[in-house]
Structures are given as C-alpha cells and as structure tokens.
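Content type mmCIF, N, CA and C atoms, from the file coords.cif:
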```
data_protein
#
loop_
_atom_site.label_atom_id
_atom_site.label_comp_id
_atom_site.auth_asym_id
_atom_site.auth_seq_id
_atom_site.Cartn_x
_atom_site.Cartn_y
_atom_site.Cartn_z
N MET A 1 -47.59 -54.64 72.33
CA MET A 1 -46.74 -53.74 71.58
C MET A 1 -45.29 -54.07 71.93
N ARG A 2 -44.48 -54.26 70.92
CA ARG A 2 -43.06 -54.52 71.11
C ARG A 2 -42.27 -53.22 70.96
N LYS A 3 -40.98 -53.29 71.27
CA LYS A 3 -40.15 -52.09 71.27
C LYS A 3 -40.13 -51.38 69.91
N PRO A 4 -39.98 -52.08 68.78
CA PRO A 4 -40.00 -51.36 67.49
C PRO A 4 -41.32 -50.63 67.23
N GLU A 5 -42.42 -51.24 67.64
CA GLU A 5 -43.72 -50.60 67.47
C GLU A 5 -43.85 -49.38 68.38
N LEU A 6 -43.34 -49.50 69.60
CA LEU A 6 -43.36 -48.37 70.53
C LEU A 6 -42.49 -47.24 70.00
N ALA A 7 -41.30 -47.58 69.48
CA ALA A 7 -40.41 -46.57 68.92
C ALA A 7 -41.08 -45.85 67.75
N ALA A 8 -41.79 -46.58 66.91
CA ALA A 8 -42.49 -45.97 65.78
C ALA A 8 -43.58 -45.02 66.26
N ALA A 9 -44.32 -45.43 67.29
CA ALA A 9 -45.39 -44.58 67.83
C ALA A 9 -44.80 -43.32 68.46
N VAL A 10 -43.71 -43.46 69.21
CA VAL A 10 -43.06 -42.30 69.82
C VAL A 10 -42.52 -41.37 68.73
N ALA A 11 -41.93 -41.95 67.70
CA ALA A 11 -41.40 -41.15 66.59
C ALA A 11 -42.51 -40.36 65.91
N ASP A 12 -43.63 -41.00 65.66
CA ASP A 12 -44.76 -40.32 65.02
C ASP A 12 -45.31 -39.20 65.91
N HIS A 13 -45.33 -39.43 67.21
CA HIS A 13 -45.91 -38.46 68.15
C HIS A 13 -44.98 -37.27 68.39
N THR A 14 -43.66 -37.50 68.35
CA THR A 14 -42.71 -36.45 68.72
C THR A 14 -41.98 -35.81 67.54
N GLY A 15 -42.00 -36.46 66.39
CA GLY A 15 -41.26 -35.95 65.25
C GLY A 15 -39.81 -36.43 65.21
N LEU A 16 -39.43 -37.28 66.15
CA LEU A 16 -38.10 -37.87 66.12
C LEU A 16 -38.03 -38.95 65.04
N THR A 17 -36.82 -39.32 64.68
CA THR A 17 -36.68 -40.48 63.79
C THR A 17 -36.92 -41.74 64.61
N ARG A 18 -37.19 -42.83 63.95
CA ARG A 18 -37.42 -44.09 64.66
C ARG A 18 -36.17 -44.52 65.41
N ASP A 19 -35.00 -44.30 64.81
CA ASP A 19 -33.75 -44.66 65.49
C ASP A 19 -33.55 -43.85 66.76
N LYS A 20 -33.81 -42.55 66.70
CA LYS A 20 -33.67 -41.69 67.89
C LYS A 20 -34.69 -42.08 68.95
N ALA A 21 -35.91 -42.37 68.53
CA ALA A 21 -36.95 -42.79 69.48
C ALA A 21 -36.54 -44.09 70.15
N SER A 22 -35.96 -45.01 69.40
CA SER A 22 -35.49 -46.27 69.96
C SER A 22 -34.37 -46.02 70.98
N GLU A 23 -33.47 -45.08 70.67
CA GLU A 23 -32.40 -44.73 71.61
C GLU A 23 -32.97 -44.15 72.90
N VAL A 24 -33.99 -43.32 72.78
CA VAL A 24 -34.63 -42.72 73.95
C VAL A 24 -35.27 -43.82 74.82
N ILE A 25 -35.95 -44.74 74.19
CA ILE A 25 -36.59 -45.84 74.93
C ILE A 25 -35.54 -46.70 75.62
N THR A 26 -34.45 -46.98 74.93
CA THR A 26 -33.36 -47.77 75.52
C THR A 26 -32.75 -47.04 76.71
N ALA A 27 -32.51 -45.75 76.57
CA ALA A 27 -31.96 -44.96 77.68
C ALA A 27 -32.92 -44.95 78.86
N PHE A 28 -34.20 -44.82 78.59
CA PHE A 28 -35.23 -44.81 79.62
C PHE A 28 -35.23 -46.13 80.40
N THR A 29 -35.26 -47.24 79.68
CA THR A 29 -35.30 -48.54 80.35
C THR A 29 -33.98 -48.83 81.08
N ASP A 30 -32.86 -48.38 80.52
CA ASP A 30 -31.57 -48.55 81.19
C ASP A 30 -31.54 -47.81 82.52
N GLN A 31 -32.09 -46.61 82.56
CA GLN A 31 -32.10 -45.82 83.79
C GLN A 31 -33.02 -46.43 84.84
N ILE A 32 -34.16 -46.96 84.44
CA ILE A 32 -35.05 -47.63 85.38
C ILE A 32 -34.37 -48.88 85.93
N SER A 33 -33.69 -49.64 85.06
CA SER A 33 -32.97 -50.83 85.50
C SER A 33 -31.85 -50.48 86.48
N ALA A 34 -31.11 -49.42 86.20
CA ALA A 34 -30.02 -49.01 87.07
C ALA A 34 -30.55 -48.56 88.43
N ALA A 35 -31.65 -47.83 88.44
CA ALA A 35 -32.25 -47.39 89.70
C ALA A 35 -32.74 -48.59 90.50
N ALA A 36 -33.34 -49.55 89.84
CA ALA A 36 -33.81 -50.76 90.53
C ALA A 36 -32.64 -51.53 91.12
N ALA A 37 -31.53 -51.61 90.38
CA ALA A 37 -30.35 -52.32 90.87
C ALA A 37 -29.78 -51.64 92.13
N ARG A 38 -29.96 -50.33 92.22
CA ARG A 38 -29.51 -49.59 93.41
C ARG A 38 -30.54 -49.64 94.53
N GLY A 39 -31.70 -50.23 94.27
CA GLY A 39 -32.75 -50.33 95.28
C GLY A 39 -33.63 -49.11 95.36
N GLU A 40 -33.57 -48.25 94.37
CA GLU A 40 -34.37 -47.02 94.36
C GLU A 40 -35.72 -47.24 93.68
N VAL A 41 -36.70 -46.48 94.11
CA VAL A 41 -38.02 -46.50 93.48
C VAL A 41 -38.03 -45.45 92.38
N THR A 42 -38.54 -45.81 91.20
CA THR A 42 -38.70 -44.86 90.10
C THR A 42 -40.18 -44.56 89.96
N THR A 43 -40.56 -43.31 90.21
CA THR A 43 -41.96 -42.91 90.16
C THR A 43 -42.19 -41.96 89.00
N LEU A 44 -43.17 -42.28 88.18
CA LEU A 44 -43.60 -41.43 87.09
C LEU A 44 -45.02 -40.99 87.43
N ILE A 45 -45.17 -39.76 87.87
CA ILE A 45 -46.45 -39.25 88.36
C ILE A 45 -47.54 -39.51 87.32
N GLY A 46 -48.62 -40.12 87.75
CA GLY A 46 -49.75 -40.43 86.89
C GLY A 46 -49.62 -41.75 86.16
N PHE A 47 -48.39 -42.22 85.94
CA PHE A 47 -48.19 -43.48 85.23
C PHE A 47 -48.04 -44.63 86.20
N GLY A 48 -47.07 -44.50 87.14
CA GLY A 48 -46.88 -45.56 88.12
C GLY A 48 -45.49 -45.53 88.72
N ALA A 49 -45.19 -46.56 89.49
CA ALA A 49 -43.90 -46.63 90.17
C ALA A 49 -43.31 -48.04 90.04
N PHE A 50 -42.02 -48.08 89.75
CA PHE A 50 -41.26 -49.32 89.71
C PHE A 50 -40.50 -49.43 91.02
N ASN A 51 -40.59 -50.57 91.70
CA ASN A 51 -39.88 -50.75 92.95
C ASN A 51 -39.36 -52.18 93.09
N ILE A 52 -38.55 -52.39 94.11
CA ILE A 52 -38.00 -53.71 94.37
C ILE A 52 -38.86 -54.38 95.44
N ARG A 53 -39.22 -55.62 95.20
CA ARG A 53 -40.00 -56.40 96.17
C ARG A 53 -39.19 -57.62 96.57
N ASN A 54 -39.23 -57.92 97.86
CA ASN A 54 -38.53 -59.10 98.37
C ASN A 54 -39.50 -60.28 98.39
N ARG A 55 -39.04 -61.42 97.88
CA ARG A 55 -39.83 -62.64 97.91
C ARG A 55 -39.23 -63.55 98.96
N GLU A 56 -40.04 -64.02 99.85
CA GLU A 56 -39.58 -64.91 100.91
C GLU A 56 -39.24 -66.29 100.33
N ALA A 57 -38.37 -67.01 101.04
CA ALA A 57 -38.08 -68.39 100.65
C ALA A 57 -39.35 -69.21 100.85
N ARG A 58 -39.55 -70.21 100.01
CA ARG A 58 -40.77 -71.01 100.10
C ARG A 58 -40.53 -72.40 99.54
N ASP A 59 -41.45 -73.28 99.82
CA ASP A 59 -41.38 -74.64 99.28
C ASP A 59 -42.17 -74.70 97.98
N GLY A 60 -41.64 -75.45 97.03
CA GLY A 60 -42.31 -75.64 95.75
C GLY A 60 -42.23 -77.10 95.36
N ARG A 61 -42.76 -77.41 94.21
CA ARG A 61 -42.72 -78.80 93.71
C ARG A 61 -42.12 -78.83 92.32
N ASN A 62 -41.27 -79.81 92.10
CA ASN A 62 -40.74 -80.07 90.77
C ASN A 62 -41.88 -80.67 89.95
N PRO A 63 -42.31 -80.03 88.86
CA PRO A 63 -43.45 -80.54 88.11
C PRO A 63 -43.20 -81.88 87.43
N GLN A 64 -41.94 -82.22 87.17
CA GLN A 64 -41.65 -83.49 86.50
C GLN A 64 -41.67 -84.66 87.47
N THR A 65 -41.12 -84.44 88.67
CA THR A 65 -40.99 -85.55 89.61
C THR A 65 -41.96 -85.45 90.77
N GLY A 66 -42.50 -84.28 91.02
CA GLY A 66 -43.38 -84.08 92.16
C GLY A 66 -42.63 -83.90 93.47
N ALA A 67 -41.29 -83.92 93.41
CA ALA A 67 -40.48 -83.78 94.62
C ALA A 67 -40.57 -82.35 95.15
N THR A 68 -40.56 -82.24 96.47
CA THR A 68 -40.57 -80.92 97.11
C THR A 68 -39.18 -80.31 97.01
N ILE A 69 -39.12 -79.03 96.61
CA ILE A 69 -37.85 -78.33 96.54
C ILE A 69 -37.97 -77.02 97.32
N ARG A 70 -36.84 -76.51 97.76
CA ARG A 70 -36.81 -75.24 98.48
C ARG A 70 -36.46 -74.14 97.49
N ILE A 71 -37.32 -73.16 97.37
CA ILE A 71 -37.08 -72.02 96.49
C ILE A 71 -36.50 -70.91 97.36
N PRO A 72 -35.28 -70.45 97.07
CA PRO A 72 -34.64 -69.46 97.94
C PRO A 72 -35.30 -68.08 97.84
N ALA A 73 -35.05 -67.27 98.84
CA ALA A 73 -35.55 -65.89 98.83
C ALA A 73 -34.90 -65.15 97.67
N SER A 74 -35.62 -64.18 97.12
CA SER A 74 -35.09 -63.42 95.99
C SER A 74 -35.72 -62.03 95.96
N LYS A 75 -35.20 -61.22 95.08
CA LYS A 75 -35.76 -59.89 94.85
C LYS A 75 -36.36 -59.87 93.45
N THR A 76 -37.40 -59.09 93.27
CA THR A 76 -38.02 -58.94 91.97
C THR A 76 -38.46 -57.48 91.80
N VAL A 77 -38.71 -57.09 90.58
CA VAL A 77 -39.17 -55.74 90.31
C VAL A 77 -40.69 -55.74 90.27
N GLY A 78 -41.27 -54.78 90.97
CA GLY A 78 -42.72 -54.64 90.97
C GLY A 78 -43.12 -53.34 90.30
N PHE A 79 -44.35 -53.27 89.88
CA PHE A 79 -44.89 -52.05 89.27
C PHE A 79 -46.26 -51.81 89.86
N LYS A 80 -46.49 -50.59 90.31
CA LYS A 80 -47.80 -50.20 90.81
C LYS A 80 -48.31 -49.09 89.91
N ALA A 81 -49.42 -49.33 89.26
CA ALA A 81 -49.99 -48.36 88.32
C ALA A 81 -50.49 -47.13 89.05
N GLY A 82 -50.30 -45.97 88.42
CA GLY A 82 -50.78 -44.70 88.96
C GLY A 82 -52.24 -44.47 88.59
N LYS A 83 -52.83 -43.45 89.17
CA LYS A 83 -54.25 -43.17 88.96
C LYS A 83 -54.58 -42.90 87.50
N ALA A 84 -53.77 -42.10 86.82
CA ALA A 84 -54.06 -41.76 85.42
C ALA A 84 -54.03 -43.01 84.54
N LEU A 85 -53.10 -43.91 84.79
CA LEU A 85 -53.03 -45.15 84.00
C LEU A 85 -54.23 -46.05 84.30
N LYS A 86 -54.60 -46.14 85.57
CA LYS A 86 -55.78 -46.93 85.94
C LYS A 86 -57.03 -46.38 85.28
N ASP A 87 -57.16 -45.06 85.31
CA ASP A 87 -58.34 -44.43 84.70
C ASP A 87 -58.37 -44.64 83.19
N ALA A 88 -57.18 -44.65 82.55
CA ALA A 88 -57.11 -44.80 81.09
C ALA A 88 -57.55 -46.18 80.62
N ILE A 89 -57.36 -47.19 81.47
CA ILE A 89 -57.71 -48.54 81.03
C ILE A 89 -59.12 -48.96 81.47
N ARG A 90 -59.78 -48.13 82.21
CA ARG A 90 -61.15 -48.46 82.64
C ARG A 90 -62.16 -48.13 81.61
#
```
Can you give me the file's structure in the form of structure tokens?
Amino acid sequence: MRKPELAAAVADHTGLTRDKASEVITAFTDQISAAAARGEVTTLIGFGAFNIRNREARDGRNPQTGATIRIPASKTVGFKAGKALKDAIR
C-alpha cells in the first residue's frame, strides 16, 4: 500500500477528505522522523515502537571488484511490532 492508497483508506474510515487524510499522514510521519532525529523512541501501544539502532563498523566487499572495504558505523531506524499487530498478521 502506498501513501495515496493509505490516505484514501483513512479518508473512507474517518470521513475526512483525501487531502486532509494525506496531511494527517504527512504530519504523523514528520513527527516520527523528528523524534527519531532527537534519539527518542516513538511507541504506539498495540502497534509497535520506532527506535534508533546503532550499527557497528564492519568489513564488506565491493560486489564489482571483490575488494574488501570498511563500512563505517551508522545509525538506523528500527521498528518492533506490538502484540496487537503481531496477532493481526497471524
């Protein structure tokens, strides 16, 4: 499901217009992104939690040349599904 399809589903479920539903989705994702940038965990009870995970530096291989390269440490966003979401997909 892409954002326009999600906005249409939210609009149908809530009675909002598709444009308003799209604005709500954009505001929602912007707030999760801003919280992640600050290093905060965003928890939605029953749905899941978005958090920051640290990736250690590691060695990798260039697929074109086969040469060993050093991949630097980095941060990434993780998601851990909540119980209600896990139960819904089982």
*atom CA of A:Arg53 and atom C of A:Lys75 are how many Å apart?*
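Taking atom CA of A:Arg53 and atom C of A:Lys75, their separation equals 5.7 Å.
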*To one decimal place, how far is atom C of A:Arg58 from atom CA of A:Phe79 in Å?*
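Atom CA of A:Phe79 lies at a distance of 23.2 Å from atom C of A:Arg58.
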*Enumerate, as a PyMOL selection string, the residues matched when the PyMOL selection byres (((chain A and resi 6 and name CA) around 12) and name CA) is run on the file above.*
chain A and resi 1-5+7-13+18-19+21-26
*asked:* I need the residues in chain A that are alpha helix (DSSP H) according to DSSP; give them as JSON, numbers by chain.
replied: {"A": [3, 4, 5, 6, 7, 8, 9, 10, 11, 12, 13, 14, 18, 19, 20, 21, 22, 23, 24, 25, 26, 27, 28, 29, 30, 31, 32, 33, 34, 35, 36, 37, 83, 84, 85, 86, 87, 88, 89]}
*What does the distance between atom C of A:Ile71 and atom C of A:Ala36 come to in Å, to one decimal place?*
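Interatomic distance, atom C of A:Ile71 to atom C of A:Ala36: 20.7 Å.
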_A:Gly78 surroundings by only N, CA and C atoms, 7 Å radius, close-in-sequence under 5 positions cut, as a PyMOL selection string_ = chain A and resi 49-53
*Compile the contact shell of A:Gly46 as a ChimeraX atom specification: residues with an atom at most 6.5 Å away, counting only N, CA and C atoms, same-chain residues fewer than 2 positions apart removed.*
/A:44,48,81-85
*asked:* I'd like the contact shell of A:Ala57 - 6.5 Å cut-off, all atoms listed in the file, skipping same-chain residues fewer than 6 positions apart - returned as a list in words.
replied: Ile71, Pro72, Ala73 and Ser74 of chain A
_If you run DSSP on the backbone here, which positions in chain A get strand (DSSP E)? Please write them as a VMD selection string._
chain A and resid 42 to 44 48 to 55 58 to 61 68 to 71 74 to 81
Can you rebuild stretch 52-77 of chain A with N, CA, C and O atoms and give it as a PDB file, in the frame of the given file?
```pdb
ATOM      1  N   ILE A  52     -38.550 -52.390  94.110  1.00  0.00           N
ATOM      2  CA  ILE A  52     -38.000 -53.710  94.370  1.00  0.00           C
ATOM      3  C   ILE A  52     -38.860 -54.380  95.440  1.00  0.00           C
ATOM      4  O   ILE A  52     -39.184 -53.753  96.462  1.00  0.00           O
ATOM      5  N   ARG A  53     -39.220 -55.620  95.200  1.00  0.00           N
ATOM      6  CA  ARG A  53     -40.000 -56.400  96.170  1.00  0.00           C
ATOM      7  C   ARG A  53     -39.190 -57.620  96.570  1.00  0.00           C
ATOM      8  O   ARG A  53     -38.551 -58.257  95.732  1.00  0.00           O
ATOM      9  N   ASN A  54     -39.230 -57.920  97.860  1.00  0.00           N
ATOM     10  CA  ASN A  54     -38.530 -59.100  98.370  1.00  0.00           C
ATOM     11  C   ASN A  54     -39.500 -60.280  98.390  1.00  0.00           C
ATOM     12  O   ASN A  54     -40.631 -60.148  98.868  1.00  0.00           O
ATOM     13  N   ARG A  55     -39.040 -61.420  97.880  1.00  0.00           N
ATOM     14  CA  ARG A  55     -39.830 -62.640  97.910  1.00  0.00           C
ATOM     15  C   ARG A  55     -39.230 -63.550  98.960  1.00  0.00           C
ATOM     16  O   ARG A  55     -38.029 -63.811  98.944  1.00  0.00           O
ATOM     17  N   GLU A  56     -40.040 -64.020  99.850  1.00  0.00           N
ATOM     18  CA  GLU A  56     -39.580 -64.910 100.910  1.00  0.00           C
ATOM     19  C   GLU A  56     -39.240 -66.290 100.330  1.00  0.00           C
ATOM     20  O   GLU A  56     -39.767 -66.684  99.290  1.00  0.00           O
ATOM     21  N   ALA A  57     -38.370 -67.010 101.040  1.00  0.00           N
ATOM     22  CA  ALA A  57     -38.080 -68.390 100.650  1.00  0.00           C
ATOM     23  C   ALA A  57     -39.350 -69.210 100.850  1.00  0.00           C
ATOM     24  O   ALA A  57     -40.157 -68.934 101.746  1.00  0.00           O
ATOM     25  N   ARG A  58     -39.550 -70.210 100.010  1.00  0.00           N
ATOM     26  CA  ARG A  58     -40.770 -71.010 100.100  1.00  0.00           C
ATOM     27  C   ARG A  58     -40.530 -72.400  99.540  1.00  0.00           C
ATOM     28  O   ARG A  58     -39.526 -72.650  98.870  1.00  0.00           O
ATOM     29  N   ASP A  59     -41.450 -73.280  99.820  1.00  0.00           N
ATOM     30  CA  ASP A  59     -41.380 -74.640  99.280  1.00  0.00           C
ATOM     31  C   ASP A  59     -42.170 -74.700  97.980  1.00  0.00           C
ATOM     32  O   ASP A  59     -43.211 -74.069  97.840  1.00  0.00           O
ATOM     33  N   GLY A  60     -41.640 -75.450  97.030  1.00  0.00           N
ATOM     34  CA  GLY A  60     -42.310 -75.640  95.750  1.00  0.00           C
ATOM     35  C   GLY A  60     -42.230 -77.100  95.360  1.00  0.00           C
ATOM     36  O   GLY A  60     -41.703 -77.933  96.094  1.00  0.00           O
ATOM     37  N   ARG A  61     -42.760 -77.410  94.210  1.00  0.00           N
ATOM     38  CA  ARG A  61     -42.720 -78.800  93.710  1.00  0.00           C
ATOM     39  C   ARG A  61     -42.120 -78.830  92.320  1.00  0.00           C
ATOM     40  O   ARG A  61     -42.424 -77.987  91.490  1.00  0.00           O
ATOM     41  N   ASN A  62     -41.270 -79.810  92.100  1.00  0.00           N
ATOM     42  CA  ASN A  62     -40.740 -80.070  90.770  1.00  0.00           C
ATOM     43  C   ASN A  62     -41.880 -80.670  89.950  1.00  0.00           C
ATOM     44  O   ASN A  62     -42.397 -81.733  90.301  1.00  0.00           O
ATOM     45  N   PRO A  63     -42.310 -80.030  88.860  1.00  0.00           N
ATOM     46  CA  PRO A  63     -43.450 -80.540  88.110  1.00  0.00           C
ATOM     47  C   PRO A  63     -43.200 -81.880  87.430  1.00  0.00           C
ATOM     48  O   PRO A  63     -44.146 -82.622  87.152  1.00  0.00           O
ATOM     49  N   GLN A  64     -41.940 -82.220  87.170  1.00  0.00           N
ATOM     50  CA  GLN A  64     -41.650 -83.490  86.500  1.00  0.00           C
ATOM     51  C   GLN A  64     -41.670 -84.660  87.470  1.00  0.00           C
ATOM     52  O   GLN A  64     -42.165 -85.733  87.147  1.00  0.00           O
ATOM     53  N   THR A  65     -41.120 -84.440  88.670  1.00  0.00           N
ATOM     54  CA  THR A  65     -40.990 -85.550  89.610  1.00  0.00           C
ATOM     55  C   THR A  65     -41.960 -85.450  90.770  1.00  0.00           C
ATOM     56  O   THR A  65     -42.203 -86.442  91.461  1.00  0.00           O
ATOM     57  N   GLY A  66     -42.500 -84.280  91.020  1.00  0.00           N
ATOM     58  CA  GLY A  66     -43.380 -84.080  92.160  1.00  0.00           C
ATOM     59  C   GLY A  66     -42.630 -83.900  93.470  1.00  0.00           C
ATOM     60  O   GLY A  66     -43.233 -83.749  94.522  1.00  0.00           O
ATOM     61  N   ALA A  67     -41.290 -83.920  93.410  1.00  0.00           N
ATOM     62  CA  ALA A  67     -40.480 -83.780  94.620  1.00  0.00           C
ATOM     63  C   ALA A  67     -40.570 -82.350  95.150  1.00  0.00           C
ATOM     64  O   ALA A  67     -40.652 -81.392  94.390  1.00  0.00           O
ATOM     65  N   THR A  68     -40.560 -82.240  96.470  1.00  0.00           N
ATOM     66  CA  THR A  68     -40.570 -80.920  97.110  1.00  0.00           C
ATOM     67  C   THR A  68     -39.180 -80.310  97.010  1.00  0.00           C
ATOM     68  O   THR A  68     -38.180 -80.975  97.263  1.00  0.00           O
ATOM     69  N   ILE A  69     -39.120 -79.030  96.610  1.00  0.00           N
ATOM     70  CA  ILE A  69     -37.850 -78.330  96.540  1.00  0.00           C
ATOM     71  C   ILE A  69     -37.970 -77.020  97.320  1.00  0.00           C
ATOM     72  O   ILE A  69     -39.076 -76.513  97.536  1.00  0.00           O
ATOM     73  N   ARG A  70     -36.840 -76.510  97.760  1.00  0.00           N
ATOM     74  CA  ARG A  70     -36.810 -75.240  98.480  1.00  0.00           C
ATOM     75  C   ARG A  70     -36.460 -74.140  97.490  1.00  0.00           C
ATOM     76  O   ARG A  70     -35.410 -74.194  96.837  1.00  0.00           O
ATOM     77  N   ILE A  71     -37.320 -73.160  97.370  1.00  0.00           N
ATOM     78  CA  ILE A  71     -37.080 -72.020  96.490  1.00  0.00           C
ATOM     79  C   ILE A  71     -36.500 -70.910  97.360  1.00  0.00           C
ATOM     80  O   ILE A  71     -37.134 -70.493  98.338  1.00  0.00           O
ATOM     81  N   PRO A  72     -35.280 -70.450  97.070  1.00  0.00           N
ATOM     82  CA  PRO A  72     -34.640 -69.460  97.940  1.00  0.00           C
ATOM     83  C   PRO A  72     -35.300 -68.080  97.840  1.00  0.00           C
ATOM     84  O   PRO A  72     -36.006 -67.777  96.871  1.00  0.00           O
ATOM     85  N   ALA A  73     -35.050 -67.270  98.840  1.00  0.00           N
ATOM     86  CA  ALA A  73     -35.550 -65.890  98.830  1.00  0.00           C
ATOM     87  C   ALA A  73     -34.900 -65.150  97.670  1.00  0.00           C
ATOM     88  O   ALA A  73     -33.779 -65.454  97.261  1.00  0.00           O
ATOM     89  N   SER A  74     -35.620 -64.180  97.120  1.00  0.00           N
ATOM     90  CA  SER A  74     -35.090 -63.420  95.990  1.00  0.00           C
ATOM     91  C   SER A  74     -35.720 -62.030  95.960  1.00  0.00           C
ATOM     92  O   SER A  74     -36.640 -61.738  96.714  1.00  0.00           O
ATOM     93  N   LYS A  75     -35.200 -61.220  95.080  1.00  0.00           N
ATOM     94  CA  LYS A  75     -35.760 -59.890  94.850  1.00  0.00           C
ATOM     95  C   LYS A  75     -36.360 -59.870  93.450  1.00  0.00           C
ATOM     96  O   LYS A  75     -35.856 -60.531  92.541  1.00  0.00           O
ATOM     97  N   THR A  76     -37.400 -59.090  93.270  1.00  0.00           N
ATOM     98  CA  THR A  76     -38.020 -58.940  91.970  1.00  0.00           C
ATOM     99  C   THR A  76     -38.460 -57.480  91.800  1.00  0.00           C
ATOM    100  O   THR A  76     -38.550 -56.741  92.770  1.00  0.00           O
ATOM    101  N   VAL A  77     -38.710 -57.090  90.580  1.00  0.00           N
ATOM    102  CA  VAL A  77     -39.170 -55.740  90.310  1.00  0.00           C
ATOM    103  C   VAL A  77     -40.690 -55.740  90.270  1.00  0.00           C
ATOM    104  O   VAL A  77     -41.305 -56.587  89.632  1.00  0.00           O
TER     105      VAL A  77
END
```
